[in-house]
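As stored in structure37.cif (mmCIF, C-alpha atoms):
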```cif
data_protein
#
loop_
_atom_site.label_atom_id
_atom_site.label_comp_id
_atom_site.auth_asym_id
_atom_site.auth_seq_id
_atom_site.Cartn_x
_atom_site.Cartn_y
_atom_site.Cartn_z
CA MET A 17 -18.92 130.70 82.24
CA LYS A 18 -17.90 132.30 78.94
CA ASP A 19 -14.26 132.96 78.13
CA ALA A 20 -14.67 136.75 78.17
CA GLU A 21 -16.17 136.69 81.67
CA LEU A 22 -13.50 134.26 82.85
CA ILE A 23 -10.69 136.48 81.57
CA THR A 24 -12.28 139.60 83.07
CA ARG A 25 -12.60 137.98 86.47
CA ILE A 26 -9.04 136.64 86.36
CA LYS A 27 -7.80 140.15 85.52
CA GLN A 28 -9.82 141.50 88.43
CA GLY A 29 -8.00 139.21 90.82
CA GLU A 30 -9.90 135.91 90.94
CA ARG A 31 -6.74 133.96 90.25
CA ASP A 32 -8.31 130.61 91.12
CA LEU A 33 -10.25 130.74 87.87
CA LEU A 34 -7.04 130.34 85.88
CA GLY A 35 -7.18 126.60 86.54
CA ILE A 36 -10.58 126.43 84.84
CA LEU A 37 -9.25 128.26 81.80
CA ILE A 38 -6.25 125.95 81.48
CA GLU A 39 -8.42 122.87 81.98
CA ARG A 40 -10.71 124.09 79.22
CA TYR A 41 -8.00 124.59 76.60
CA TYR A 42 -4.99 122.48 77.58
CA ASP A 43 -5.93 119.40 75.60
CA GLN A 44 -6.71 121.39 72.46
CA ILE A 45 -3.49 123.38 72.70
CA PHE A 46 -1.41 120.27 73.35
CA LYS A 47 -3.03 118.56 70.38
CA PHE A 48 -2.29 121.53 68.16
CA CYS A 49 1.31 121.73 69.36
CA TYR A 50 1.76 118.00 68.80
CA TYR A 51 0.52 118.17 65.24
CA LYS A 52 2.60 121.24 64.53
CA THR A 53 5.85 120.02 66.03
CA GLY A 54 5.44 116.25 65.64
CA ASP A 55 7.29 115.77 68.92
CA GLU A 56 5.53 114.89 72.17
CA ALA A 57 8.12 116.42 74.49
CA LEU A 58 8.30 119.61 72.48
CA ALA A 59 4.49 119.73 72.38
CA TYR A 60 4.38 119.70 76.19
CA ASP A 61 6.93 122.51 76.33
CA CYS A 62 5.11 124.58 73.72
CA ALA A 63 1.74 124.06 75.43
CA GLN A 64 3.21 125.19 78.75
CA ASP A 65 4.89 128.15 77.09
CA THR A 66 1.56 129.07 75.45
CA PHE A 67 -0.21 129.47 78.78
CA LEU A 68 2.70 131.34 80.33
CA ARG A 69 2.71 133.76 77.41
CA MET A 70 -1.05 134.08 77.68
CA ILE A 71 -0.60 135.35 81.23
CA ARG A 72 2.23 137.66 80.26
CA TYR A 73 0.16 139.26 77.49
CA MET A 74 -3.21 139.08 79.20
CA ASP A 75 -3.41 142.85 79.57
CA SER A 76 -3.28 143.37 75.83
CA TYR A 77 -6.15 140.97 75.23
CA ILE A 78 -9.33 142.91 74.55
CA GLU A 79 -12.48 141.09 75.59
CA LYS A 80 -14.36 141.75 72.37
CA ASP A 81 -12.06 139.39 70.47
CA ARG A 82 -12.73 135.69 70.68
CA PHE A 83 -10.33 134.07 73.07
CA LYS A 84 -9.81 130.72 71.33
CA PRO A 85 -8.17 132.10 68.14
CA TYR A 86 -6.09 134.42 70.31
CA LEU A 87 -4.80 131.47 72.35
CA PHE A 88 -4.09 129.43 69.24
CA GLN A 89 -2.16 132.37 67.81
CA ILE A 90 0.04 132.34 70.89
CA ALA A 91 0.42 128.56 70.58
CA SER A 92 1.41 128.87 66.93
CA ASN A 93 4.09 131.42 67.77
CA ALA A 94 5.31 129.30 70.69
CA CYS A 95 5.62 126.27 68.40
CA ASN A 96 7.47 128.28 65.77
CA ASP A 97 9.91 129.46 68.42
CA GLY A 98 10.26 125.93 69.76
CA LEU A 99 10.94 124.53 66.32
CA ARG A 100 13.43 127.29 65.55
CA LYS A 101 15.31 126.52 68.73
CA ARG A 102 15.40 122.89 67.79
CA ASP A 103 16.69 124.09 64.40
CA ASP A 104 14.68 121.81 62.18
CA CYS A 105 11.15 121.41 60.92
CA PHE A 106 11.08 117.64 60.72
CA ILE A 107 11.65 114.97 63.24
CA GLU A 108 15.12 113.62 62.56
CA ASP A 109 14.88 110.57 64.69
CA GLU A 110 12.17 108.43 63.12
CA ALA A 111 12.34 105.87 65.91
CA GLU A 112 11.64 108.58 68.48
CA ALA A 113 8.70 109.79 66.41
CA LYS A 114 7.25 106.32 66.15
CA GLU A 115 7.66 105.83 69.87
CA GLY A 116 5.51 108.90 70.35
CA LEU A 117 2.94 107.49 67.99
CA THR A 118 2.87 104.18 69.85
CA ALA A 119 1.50 105.87 72.93
CA ALA A 120 -1.51 107.08 70.95
CA PHE A 121 -2.86 103.69 70.03
CA ASP A 122 -4.31 100.58 71.54
CA LYS A 123 -2.22 97.48 71.74
CA GLU A 124 -4.28 95.61 69.17
CA ASP A 125 -3.43 96.21 65.56
CA ILE A 126 -0.83 98.66 66.71
CA GLY A 127 1.49 97.96 63.85
CA ASN A 128 -1.02 98.92 61.18
CA GLN A 129 -2.22 101.97 63.05
CA ILE A 130 1.33 103.20 63.52
CA ALA A 131 2.02 102.76 59.84
CA VAL A 132 -1.07 104.73 58.86
CA ALA A 133 -0.36 107.49 61.37
CA ASP A 134 3.22 107.66 60.20
CA THR A 135 2.04 108.02 56.61
CA VAL A 136 -0.32 110.84 57.49
CA ARG A 137 2.39 112.56 59.54
CA THR A 138 4.82 112.34 56.65
CA ALA A 139 2.17 113.70 54.29
CA LEU A 140 1.58 116.65 56.61
CA ASN A 141 5.28 117.33 56.93
CA ALA A 142 5.56 117.37 53.14
CA LEU A 143 3.38 120.47 53.02
CA PRO A 144 4.85 123.96 53.28
CA GLN A 145 4.53 125.27 56.81
CA MET A 146 1.87 127.87 55.93
CA GLN A 147 -0.40 125.24 54.38
CA ARG A 148 0.31 122.75 57.14
CA ASP A 149 -0.74 125.25 59.82
CA VAL A 150 -4.02 125.90 58.05
CA ILE A 151 -4.70 122.18 57.60
CA ILE A 152 -3.97 121.46 61.27
CA LEU A 153 -6.17 124.30 62.46
CA ARG A 154 -9.00 123.29 60.17
CA PHE A 155 -9.01 119.51 60.43
CA TYR A 156 -7.57 118.86 63.86
CA SER A 157 -8.51 121.93 65.90
CA ASP A 158 -11.84 122.51 64.07
CA LEU A 159 -11.43 126.23 63.82
CA LYS A 160 -13.53 128.28 61.41
CA ILE A 161 -11.98 130.09 58.45
CA ASN A 162 -12.23 133.54 60.06
CA GLU A 163 -10.64 132.15 63.25
CA ILE A 164 -7.81 130.59 61.23
CA ALA A 165 -7.30 133.98 59.58
CA LYS A 166 -6.91 135.57 63.03
CA VAL A 167 -4.49 132.87 64.20
CA THR A 168 -2.29 132.98 61.11
CA GLY A 169 -2.50 136.75 60.70
CA VAL A 170 -3.64 136.69 57.06
CA ASN A 171 -6.91 137.53 55.37
CA ILE A 172 -9.72 135.06 54.67
CA PRO A 173 -9.08 134.62 50.91
CA THR A 174 -5.47 133.72 51.67
CA VAL A 175 -6.60 131.15 54.23
CA LYS A 176 -9.00 129.62 51.70
CA SER A 177 -6.27 129.53 49.08
CA ARG A 178 -3.79 127.83 51.41
CA LEU A 179 -6.46 125.39 52.56
CA ARG A 180 -7.34 124.48 49.00
CA GLN A 181 -3.71 124.01 47.98
CA GLY A 182 -2.95 122.03 51.13
CA LYS A 183 -5.96 119.76 50.64
CA ASN A 184 -5.03 119.09 47.00
CA LYS A 185 -1.46 118.18 47.90
CA LEU A 186 -2.56 115.99 50.80
CA LYS A 187 -5.07 114.17 48.62
CA LYS A 188 -2.40 113.37 46.05
CA ILE A 189 -0.01 112.07 48.68
CA LEU A 190 -2.63 110.06 50.52
CA GLU A 191 -4.03 108.65 47.26
CA LYS A 192 -0.57 107.34 46.39
CA GLU A 193 -0.41 105.63 49.77
CA GLY A 194 -3.92 104.27 49.35
CA LEU A 195 -5.39 106.14 52.28
CA PHE A 196 -7.73 108.32 50.22
CA MET B 246 -17.99 114.99 50.90
CA GLU B 247 -14.35 114.99 49.88
CA GLU B 248 -13.52 117.09 52.88
CA GLN B 249 -15.19 114.51 55.12
CA ARG B 250 -13.10 111.74 53.55
CA LEU B 251 -9.94 113.79 53.97
CA ARG B 252 -10.87 114.56 57.57
CA LYS B 253 -11.42 110.84 58.22
CA ALA B 254 -8.04 110.01 56.69
CA LEU B 255 -6.24 112.72 58.65
CA ARG B 256 -7.86 111.70 61.90
CA GLN B 257 -6.01 108.42 61.72
CA TYR B 258 -3.00 110.38 62.90
CA THR B 259 -4.00 110.68 66.52
CA VAL B 260 -2.48 112.42 69.48
CA PRO B 261 -1.44 110.77 72.75
CA VAL B 262 -3.58 111.76 75.72
CA PRO B 263 -1.79 114.54 77.61
CA ARG B 264 -0.26 113.36 80.83
CA PRO B 265 -2.04 114.69 83.95
CA GLU B 266 1.25 115.57 85.63
CA GLN B 267 2.21 117.80 82.71
CA LYS B 268 -1.12 119.59 82.91
CA ALA B 269 -0.73 120.00 86.67
CA MET B 270 2.78 121.40 86.21
CA THR B 271 1.47 123.91 83.65
CA LYS B 272 -1.27 124.99 86.06
CA LEU B 273 1.23 125.42 88.87
CA LEU B 274 3.66 127.48 86.81
CA ALA B 275 0.84 129.56 85.35
CA SER B 276 -0.55 130.27 88.84
CA LYS B 277 2.89 131.39 90.01
CA ALA B 278 3.28 133.64 86.97
CA LEU B 279 -0.15 135.16 87.57
CA ALA B 280 0.57 135.69 91.27
CA ASN B 281 3.66 137.73 90.37
CA LYS B 282 1.75 139.81 87.88
CA PRO B 283 0.22 143.06 89.16
CA LEU B 284 -3.32 143.97 88.15
CA THR B 285 -3.14 146.60 85.46
CA GLN B 286 -5.61 148.65 83.50
CA GLY B 287 -4.87 147.52 79.97
CA LYS B 288 -8.23 148.66 78.68
CA PRO B 289 -8.91 151.35 76.10
CA PHE B 290 -10.63 154.38 77.64
CA LEU B 291 -13.56 154.31 75.19
CA GLN B 292 -14.19 150.66 76.05
CA ARG B 293 -14.19 151.55 79.73
CA LEU B 294 -16.70 154.34 79.09
CA ARG B 295 -18.96 151.97 77.16
CA GLU B 296 -18.81 149.26 79.82
CA LEU B 297 -19.36 151.63 82.74
CA ALA B 298 -22.36 153.19 81.00
CA ALA B 299 -24.11 149.82 81.44
CA TYR B 300 -23.81 150.20 85.22
CA ILE B 301 -25.55 153.57 85.31
CA SER B 302 -29.09 152.96 86.42
CA PRO B 303 -31.71 153.17 83.64
CA THR B 304 -33.74 155.28 86.08
CA THR B 305 -31.20 158.06 85.64
CA TRP B 306 -31.72 158.25 81.89
CA ILE B 307 -35.50 158.00 82.23
CA LEU B 308 -35.56 160.79 84.82
CA GLN B 309 -33.43 163.10 82.72
CA ALA B 310 -35.67 162.52 79.73
CA MET B 311 -38.78 163.11 81.85
CA VAL B 312 -37.42 166.36 83.26
CA LEU B 313 -36.56 167.63 79.83
CA LEU B 314 -39.92 166.61 78.33
CA LEU B 315 -41.82 168.09 81.24
CA VAL B 316 -40.03 171.39 80.87
CA LEU B 317 -40.44 171.46 77.11
CA SER B 318 -44.11 170.54 77.25
CA GLY B 319 -44.74 173.22 79.83
CA LEU B 320 -43.13 175.82 77.64
CA THR B 321 -45.24 175.41 74.55
CA GLY B 322 -46.28 178.78 73.39
CA SER B 323 -44.03 180.65 75.83
CA ASN B 324 -42.08 183.69 74.75
CA GLY B 325 -38.31 184.08 74.94
CA ALA B 326 -38.16 185.58 78.40
CA GLN B 327 -40.38 182.88 79.89
CA LEU B 328 -38.36 180.09 78.27
CA PHE B 329 -35.20 181.65 79.48
CA THR B 330 -36.41 182.03 83.04
CA THR B 331 -37.82 178.54 83.23
CA PHE B 332 -34.66 176.90 81.99
CA SER B 333 -32.47 178.85 84.36
CA ILE B 334 -34.69 177.77 87.26
CA VAL B 335 -34.85 174.12 86.23
CA THR B 336 -31.16 173.52 85.41
CA PRO B 337 -30.12 173.11 89.10
CA LEU B 338 -32.63 170.29 89.33
CA LEU B 339 -31.08 168.48 86.37
CA GLY B 340 -27.85 168.02 88.29
CA ILE B 341 -29.63 166.22 91.15
CA ILE B 342 -30.18 163.20 88.96
CA GLY B 343 -26.49 162.83 88.22
CA GLY B 344 -25.61 163.38 91.87
CA CYS B 345 -28.03 160.65 92.97
CA GLU B 346 -26.38 158.26 90.54
CA LEU B 347 -22.95 159.03 91.94
CA ILE B 348 -23.93 158.51 95.58
CA ARG B 349 -25.27 155.07 94.77
CA SER B 350 -21.78 153.87 95.53
CA TYR B 351 -22.28 154.88 99.16
CA GLY B 352 -25.34 152.68 99.48
CA HIS B 353 -24.75 149.46 101.47
CA ASN B 354 -21.13 150.58 101.91
CA MET B 355 -20.37 149.49 98.35
CA TRP B 356 -17.70 152.17 98.15
CA GLU B 357 -15.42 150.00 100.30
CA LEU B 358 -15.70 147.14 97.83
CA GLU B 359 -15.32 149.37 94.80
CA MET B 360 -12.19 150.93 96.34
CA SER B 361 -10.58 147.51 96.63
CA CYS B 362 -11.32 146.61 93.03
CA ARG B 363 -9.43 147.42 89.92
CA HIS B 364 -10.40 151.09 89.61
CA ASN B 365 -10.60 153.36 92.62
CA LEU B 366 -13.78 155.15 93.60
CA ARG B 367 -12.54 158.54 92.44
CA SER B 368 -11.80 157.09 89.01
CA ILE B 369 -15.25 155.46 88.80
CA PHE B 370 -16.89 158.75 89.85
CA ALA B 371 -14.91 160.65 87.22
CA VAL B 372 -15.90 158.30 84.41
CA LYS B 373 -19.57 158.31 85.48
CA MET B 374 -19.52 162.12 85.59
CA LEU B 375 -18.04 162.16 82.13
CA ILE B 376 -20.81 159.95 80.79
CA LEU B 377 -23.58 161.90 82.51
CA GLY B 378 -21.94 165.17 81.53
CA CYS B 379 -21.89 164.22 77.85
CA VAL B 380 -25.62 163.48 77.99
CA ASP B 381 -26.36 166.68 79.91
CA PHE B 382 -24.33 168.55 77.31
CA PHE B 383 -26.91 167.59 74.69
CA VAL B 384 -29.81 168.37 77.02
CA LEU B 385 -28.46 171.82 77.75
CA GLY B 386 -27.58 172.29 74.12
CA ALA B 387 -31.22 171.66 73.26
CA ALA B 388 -32.30 174.13 75.93
CA ILE B 389 -29.94 176.84 74.63
CA PHE B 390 -31.06 176.15 71.07
CA ILE B 391 -34.71 176.51 72.00
CA THR B 392 -34.13 179.77 73.82
CA GLY B 393 -31.96 180.94 70.94
CA LEU B 394 -34.82 180.37 68.51
CA SER B 395 -36.88 182.84 70.46
CA GLY B 396 -34.28 185.54 69.83
CA THR B 397 -32.46 185.65 73.16
CA LYS B 398 -28.75 186.46 72.90
CA PHE B 399 -26.42 183.47 73.15
CA ALA B 400 -24.15 185.05 75.77
CA LEU B 401 -27.08 185.75 78.06
CA THR B 402 -28.47 182.28 77.46
CA ALA B 403 -25.13 180.70 78.30
CA VAL B 404 -24.79 182.73 81.48
CA MET B 405 -28.31 182.06 82.75
CA ILE B 406 -28.37 178.36 81.89
CA LEU B 407 -24.81 177.09 82.03
CA VAL B 408 -23.74 179.07 85.08
CA PRO B 409 -26.51 177.80 87.38
CA PHE B 410 -25.97 174.28 86.04
CA ASN B 411 -22.22 174.30 86.68
CA LEU B 412 -22.53 176.03 90.04
CA SER B 413 -25.22 173.63 91.23
CA ASN B 414 -23.17 170.62 90.14
CA SER B 415 -20.12 172.00 91.92
CA LEU B 416 -22.20 172.37 95.07
CA TYR B 417 -23.53 168.81 94.77
CA LEU B 418 -20.03 167.44 94.33
CA TRP B 419 -18.81 169.45 97.31
CA LEU B 420 -21.62 167.95 99.39
CA ILE B 421 -20.76 164.43 98.20
CA VAL B 422 -17.08 164.89 99.08
CA LYS B 423 -17.83 166.58 102.39
CA LEU B 424 -20.63 164.32 103.63
CA ARG B 425 -19.53 161.13 101.83
CA HIS B 426 -21.77 158.26 102.92
CA ARG B 427 -24.01 160.67 104.87
CA CYS B 428 -24.95 162.44 101.65
CA THR B 429 -28.36 161.14 100.60
CA ASN B 430 -30.79 161.82 97.77
CA TYR B 431 -32.81 163.96 100.19
CA VAL B 432 -29.85 166.27 100.76
CA LEU B 433 -29.20 166.70 97.05
CA ALA B 434 -32.87 167.19 96.19
CA GLY B 435 -33.30 169.74 98.95
CA THR B 436 -30.20 171.61 97.81
CA GLY B 437 -31.44 171.59 94.23
CA VAL B 438 -34.82 172.99 95.16
CA PHE B 439 -33.16 175.66 97.26
CA LEU B 440 -30.95 176.66 94.31
CA SER B 441 -33.97 176.78 92.01
CA LEU B 442 -35.67 179.15 94.41
CA ILE B 443 -32.56 181.34 94.41
CA MET B 444 -32.64 181.38 90.60
CA LEU B 445 -36.29 182.26 90.78
CA TRP B 446 -35.48 185.16 93.04
CA ILE B 447 -32.58 186.31 90.84
CA ASN B 448 -34.72 186.26 87.73
CA GLY B 449 -37.37 188.12 89.57
CA ALA B 450 -34.88 190.73 90.75
CA LEU B 451 -33.53 191.23 87.21
CA ASN B 452 -36.86 191.91 85.69
CA GLN B 453 -39.57 193.42 87.89
CA THR B 454 -42.18 193.07 85.20
CA LEU B 455 -41.29 189.46 84.70
CA PHE B 456 -41.41 188.90 88.45
CA ALA B 457 -45.11 189.31 88.46
CA LYS B 458 -45.49 187.01 85.50
CA ILE B 459 -43.29 184.37 87.10
CA PHE B 460 -45.69 184.09 89.98
CA SER B 461 -48.51 183.59 87.62
CA GLN B 462 -50.18 180.26 87.98
CA TYR B 463 -48.71 178.99 84.73
CA MET B 464 -45.04 179.81 85.16
CA VAL B 465 -44.63 178.75 88.77
CA ALA B 466 -46.17 175.37 88.03
CA VAL B 467 -43.32 174.16 85.83
CA PRO B 468 -40.39 174.33 88.25
CA ILE B 469 -42.55 173.28 91.18
CA LEU B 470 -43.89 170.28 89.28
CA THR B 471 -40.40 169.33 88.18
CA ALA B 472 -39.02 169.61 91.70
CA SER B 473 -41.92 167.62 93.12
CA LEU B 474 -41.42 164.87 90.60
CA VAL B 475 -37.71 164.60 91.40
CA LEU B 476 -38.44 164.49 95.12
CA LEU B 477 -41.14 161.87 94.71
CA ILE B 478 -38.95 159.60 92.64
CA ALA B 479 -35.99 160.06 94.97
CA ALA B 480 -38.20 159.20 97.94
CA ALA B 481 -39.53 156.13 96.14
CA ALA B 482 -35.97 155.01 95.34
CA ILE B 483 -34.95 155.41 98.98
CA LEU B 484 -37.98 153.48 100.19
CA LEU B 485 -37.38 150.70 97.68
CA ARG B 486 -33.74 150.39 98.66
CA SER B 487 -34.55 150.27 102.36
CA SER B 488 -37.10 147.55 101.68
CA GLY B 489 -34.51 145.48 99.83
CA LYS B 490 -36.07 145.87 96.42
CA GLY B 491 -34.99 148.05 93.52
CA TYR B 492 -32.34 147.91 90.84
CA ASN B 493 -28.77 147.57 91.97
CA LYS B 494 -25.91 146.64 89.74
CA TRP B 495 -22.36 147.15 90.91
CA ASN B 496 -19.33 147.78 88.88
CA TYR B 497 -16.04 145.99 89.38
CA ILE B 498 -14.36 146.80 86.08
#
```

Have the structure of the file written as structure tokens, please.
Amino acid sequence: MKDAELITRIKQGERDLLGILIERYYDQIFKFCYYKTGDEALAYDCAQDTFLRMIRYMDSYIEKDRFKPYLFQIASNACNDGLRKRDDCFIEDEAEAKEGLTAAFDKEDIGNQIAVADTVRTALNALPQMQRDVIILRFYSDLKINEIAKVTGVNIPTVKSRLRQGKNKLKKILEKEGLF
Amino acid sequence: MEEQRLRKALRQYTVPVPRPEQKAMTKLLASKALANKPLTQGKPFLQRLRELAAYISPTTWILQAMVLLLVLSGLTGSNGAQLFTTFSIVTPLLGIIGGCELIRSYGHNMWELEMSCRHNLRSIFAVKMLILGCVDFFVLGAAIFITGLSGTKFALTAVMILVPFNLSNSLYLWLIVKLRHRCTNYVLAGTGVFLSLIMLWINGALNQTLFAKIFSQYMVAVPILTASLVLLIAAAAILLRSSGKGYNKWNYI
């Protein structure tokens, strides 16, 4: 069932279909929130908040728009609010951050994997927020340029410009660390 | 190529698998939030018009086009008075098509289901009438234009075409409201034919000379043919529906 039909039927009262919608997008939204916030607990909160806001604003969603960028836009705003409440843009407790990373890997070679992931995370955090958002949406959430434009609320040339600048900065940082 | 390498490097920063209990909690809270939320319209009116137009049977549009073409083809070479008379006789029949489309909701008791959905039946009727009315506006506009080309005064044209059209539609709607699910295509078609005969009589009474011409073999054929066609198609639609076949698409939006 396509997203537009799913949303229409949920609006018409088939509330059981909401579970299907959440199942379809939860992992992607959580992943996006994790990359944006860098904090597992905050990512869970932001993902939950995303879906609650989606329900609150469901009436204003017009079916002709694609649902995925709309949902990611909500997630982006939820993460920004979450980060603002936490009052910082970086993870202050490095040990806590690494503990979160540990959960993502297998036991074997965990030390090396954590180090690499930590390097990439630090490189991402070194980018300005606008470029970081575009990089996350492009490389981790696999959104197209026009979808990223809808999520970030800017036009396509601006997205391309931020993507180019973000990629250049990331390459330099990762080259220094020997990962590129 | 470079983008692929960058993607590969970035993908080394992976995400933990979301915990099932967190997902379940999100689903539970979302369901509660949705349960507390009333169903609202939240749709632009033009979008609603566009979407509801898809639920109007294609037969309706084909019939309207056929009626108009039949009338126009029968009037080739007619003078102003003949055009005028024919249009005023045929316009009550044009409204039958719209009426039949509206009473589709009463078939199979679908009106009960439509009433329980997002938009009530009255609202659905109103929007359908608006769509059909906009199309009929162009059809009648073409009719008035054609009679106008023959030199007939606009005021007279408007009275003899628009008045029977509006009166006949008012009568059809009154029948639909009064009879509700007992109102069938037969009732509307019969009413339409009766109104056409009244128009025939009125036109005859207004112009005694024309009266004789109206009953000429040529002029009487057009409204009779049109009425017969409408009745035939209505009968076929009823037979198809009772046999379980035919096009049915219901609107819940």

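Taking all atoms listed in the file into account, Phe410 in chain B lies nearest to B:Met444 out of the set B:Leu308, B:Met374, B:Leu294, B:Met444.
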
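Once the PyMOL selection byres ((chain A and resi 182) around 7) is applied to the shown structure, the selection contains Leu143, Gln147, Arg148, Ile151, Arg178, Leu179, Arg180, Gln181, Lys183, Asn184, Lys185 and Leu186 of chain A.
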
Looking at only C-alpha atoms, which of A:Asn128, A:Asn93, A:Ser76, A:Thr138 is the one that sits closest to chain B? A:Ser76

With 8 Å as the limit and counting all atoms listed in the file, what residues in chain A lie close to chain B? Please list them as a ChimeraX atom specification. /A:27-29,31,34-35,38,42-43,46-47,50-51,60,64,67-68,71-72,75-76,78,116-117,119-121,129,132-134,136-137,155-156,183,187,195-196

For Ile348 in chain B, the closest of B:Trp419, B:Tyr300, B:Phe399, B:Phe370 counting only C-alpha atoms is B:Phe370

Counting only C-alpha atoms, which residues come within 12 Å of (10.9, 126.6, 66.5), with the point read in the file's coordinates, and could you list them as a PyMOL selection string? chain A and resi 49+52-55+58-59+61-62+91-106+145

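Relative to CA of Ile334 in chain B, CA of Asn448 in chain B is found at 8.5 Å.
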
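What separates CA of Phe390 in chain B from CA of Leu291 in chain B is a distance of 28.3 Å.
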
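Between CA of Ser413 in chain B and CA of Pro337 in chain B lies a distance of 5.4 Å.
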
Can you translate the PyMOL selection byres ((chain B and resi 429) around 10) into the concrete residues it hits in this file, as a ChimeraX atom specification? /B:344-345,348-349,351-352,420-421,424-428,430-434,479,483

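For the choices A:Thr135, A:Gly127, A:Tyr86, A:Lys188, the atom-to-atom distance to Glu163 in chain A is smallest for A:Tyr86 when using only C-alpha atoms.
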
Write only N, CA and C atoms for range 373-384 of chain B from the block just shown, as a tab-separated table (two decimals), in the first residue's frame.
```
chain	number	residue	atom	x	y	z
B	373	LYS	N	-21.05	16.98	-5.85
B	373	LYS	CA	-21.33	16.33	-7.15
B	373	LYS	C	-22.17	17.27	-8.02
B	374	MET	N	-23.16	17.91	-7.40
B	374	MET	CA	-24.01	18.84	-8.16
B	374	MET	C	-23.20	20.01	-8.69
B	375	LEU	N	-22.23	20.43	-7.90
B	375	LEU	CA	-21.38	21.53	-8.33
B	375	LEU	C	-20.58	21.12	-9.56
B	376	ILE	N	-20.04	19.91	-9.51
B	376	ILE	CA	-19.23	19.43	-10.65
B	376	ILE	C	-20.10	19.29	-11.89
B	377	LEU	N	-21.24	18.63	-11.73
B	377	LEU	CA	-22.13	18.42	-12.88
B	377	LEU	C	-22.67	19.76	-13.38
B	378	GLY	N	-22.95	20.66	-12.43
B	378	GLY	CA	-23.48	21.96	-12.81
B	378	GLY	C	-22.49	22.76	-13.63
B	379	CYS	N	-21.21	22.67	-13.27
B	379	CYS	CA	-20.18	23.40	-14.02
B	379	CYS	C	-20.12	22.87	-15.46
B	380	VAL	N	-20.24	21.57	-15.62
B	380	VAL	CA	-20.21	21.00	-16.98
B	380	VAL	C	-21.46	21.40	-17.74
B	381	ASP	N	-22.61	21.31	-17.07
B	381	ASP	CA	-23.86	21.70	-17.74
B	381	ASP	C	-23.86	23.17	-18.11
B	382	PHE	N	-23.16	23.97	-17.31
B	382	PHE	CA	-23.05	25.39	-17.61
B	382	PHE	C	-22.46	25.60	-19.00
B	383	PHE	N	-21.43	24.83	-19.32
B	383	PHE	CA	-20.81	24.94	-20.65
B	383	PHE	C	-21.73	24.40	-21.73
B	384	VAL	N	-22.43	23.31	-21.42
B	384	VAL	CA	-23.35	22.74	-22.40
B	384	VAL	C	-24.45	23.74	-22.74
```
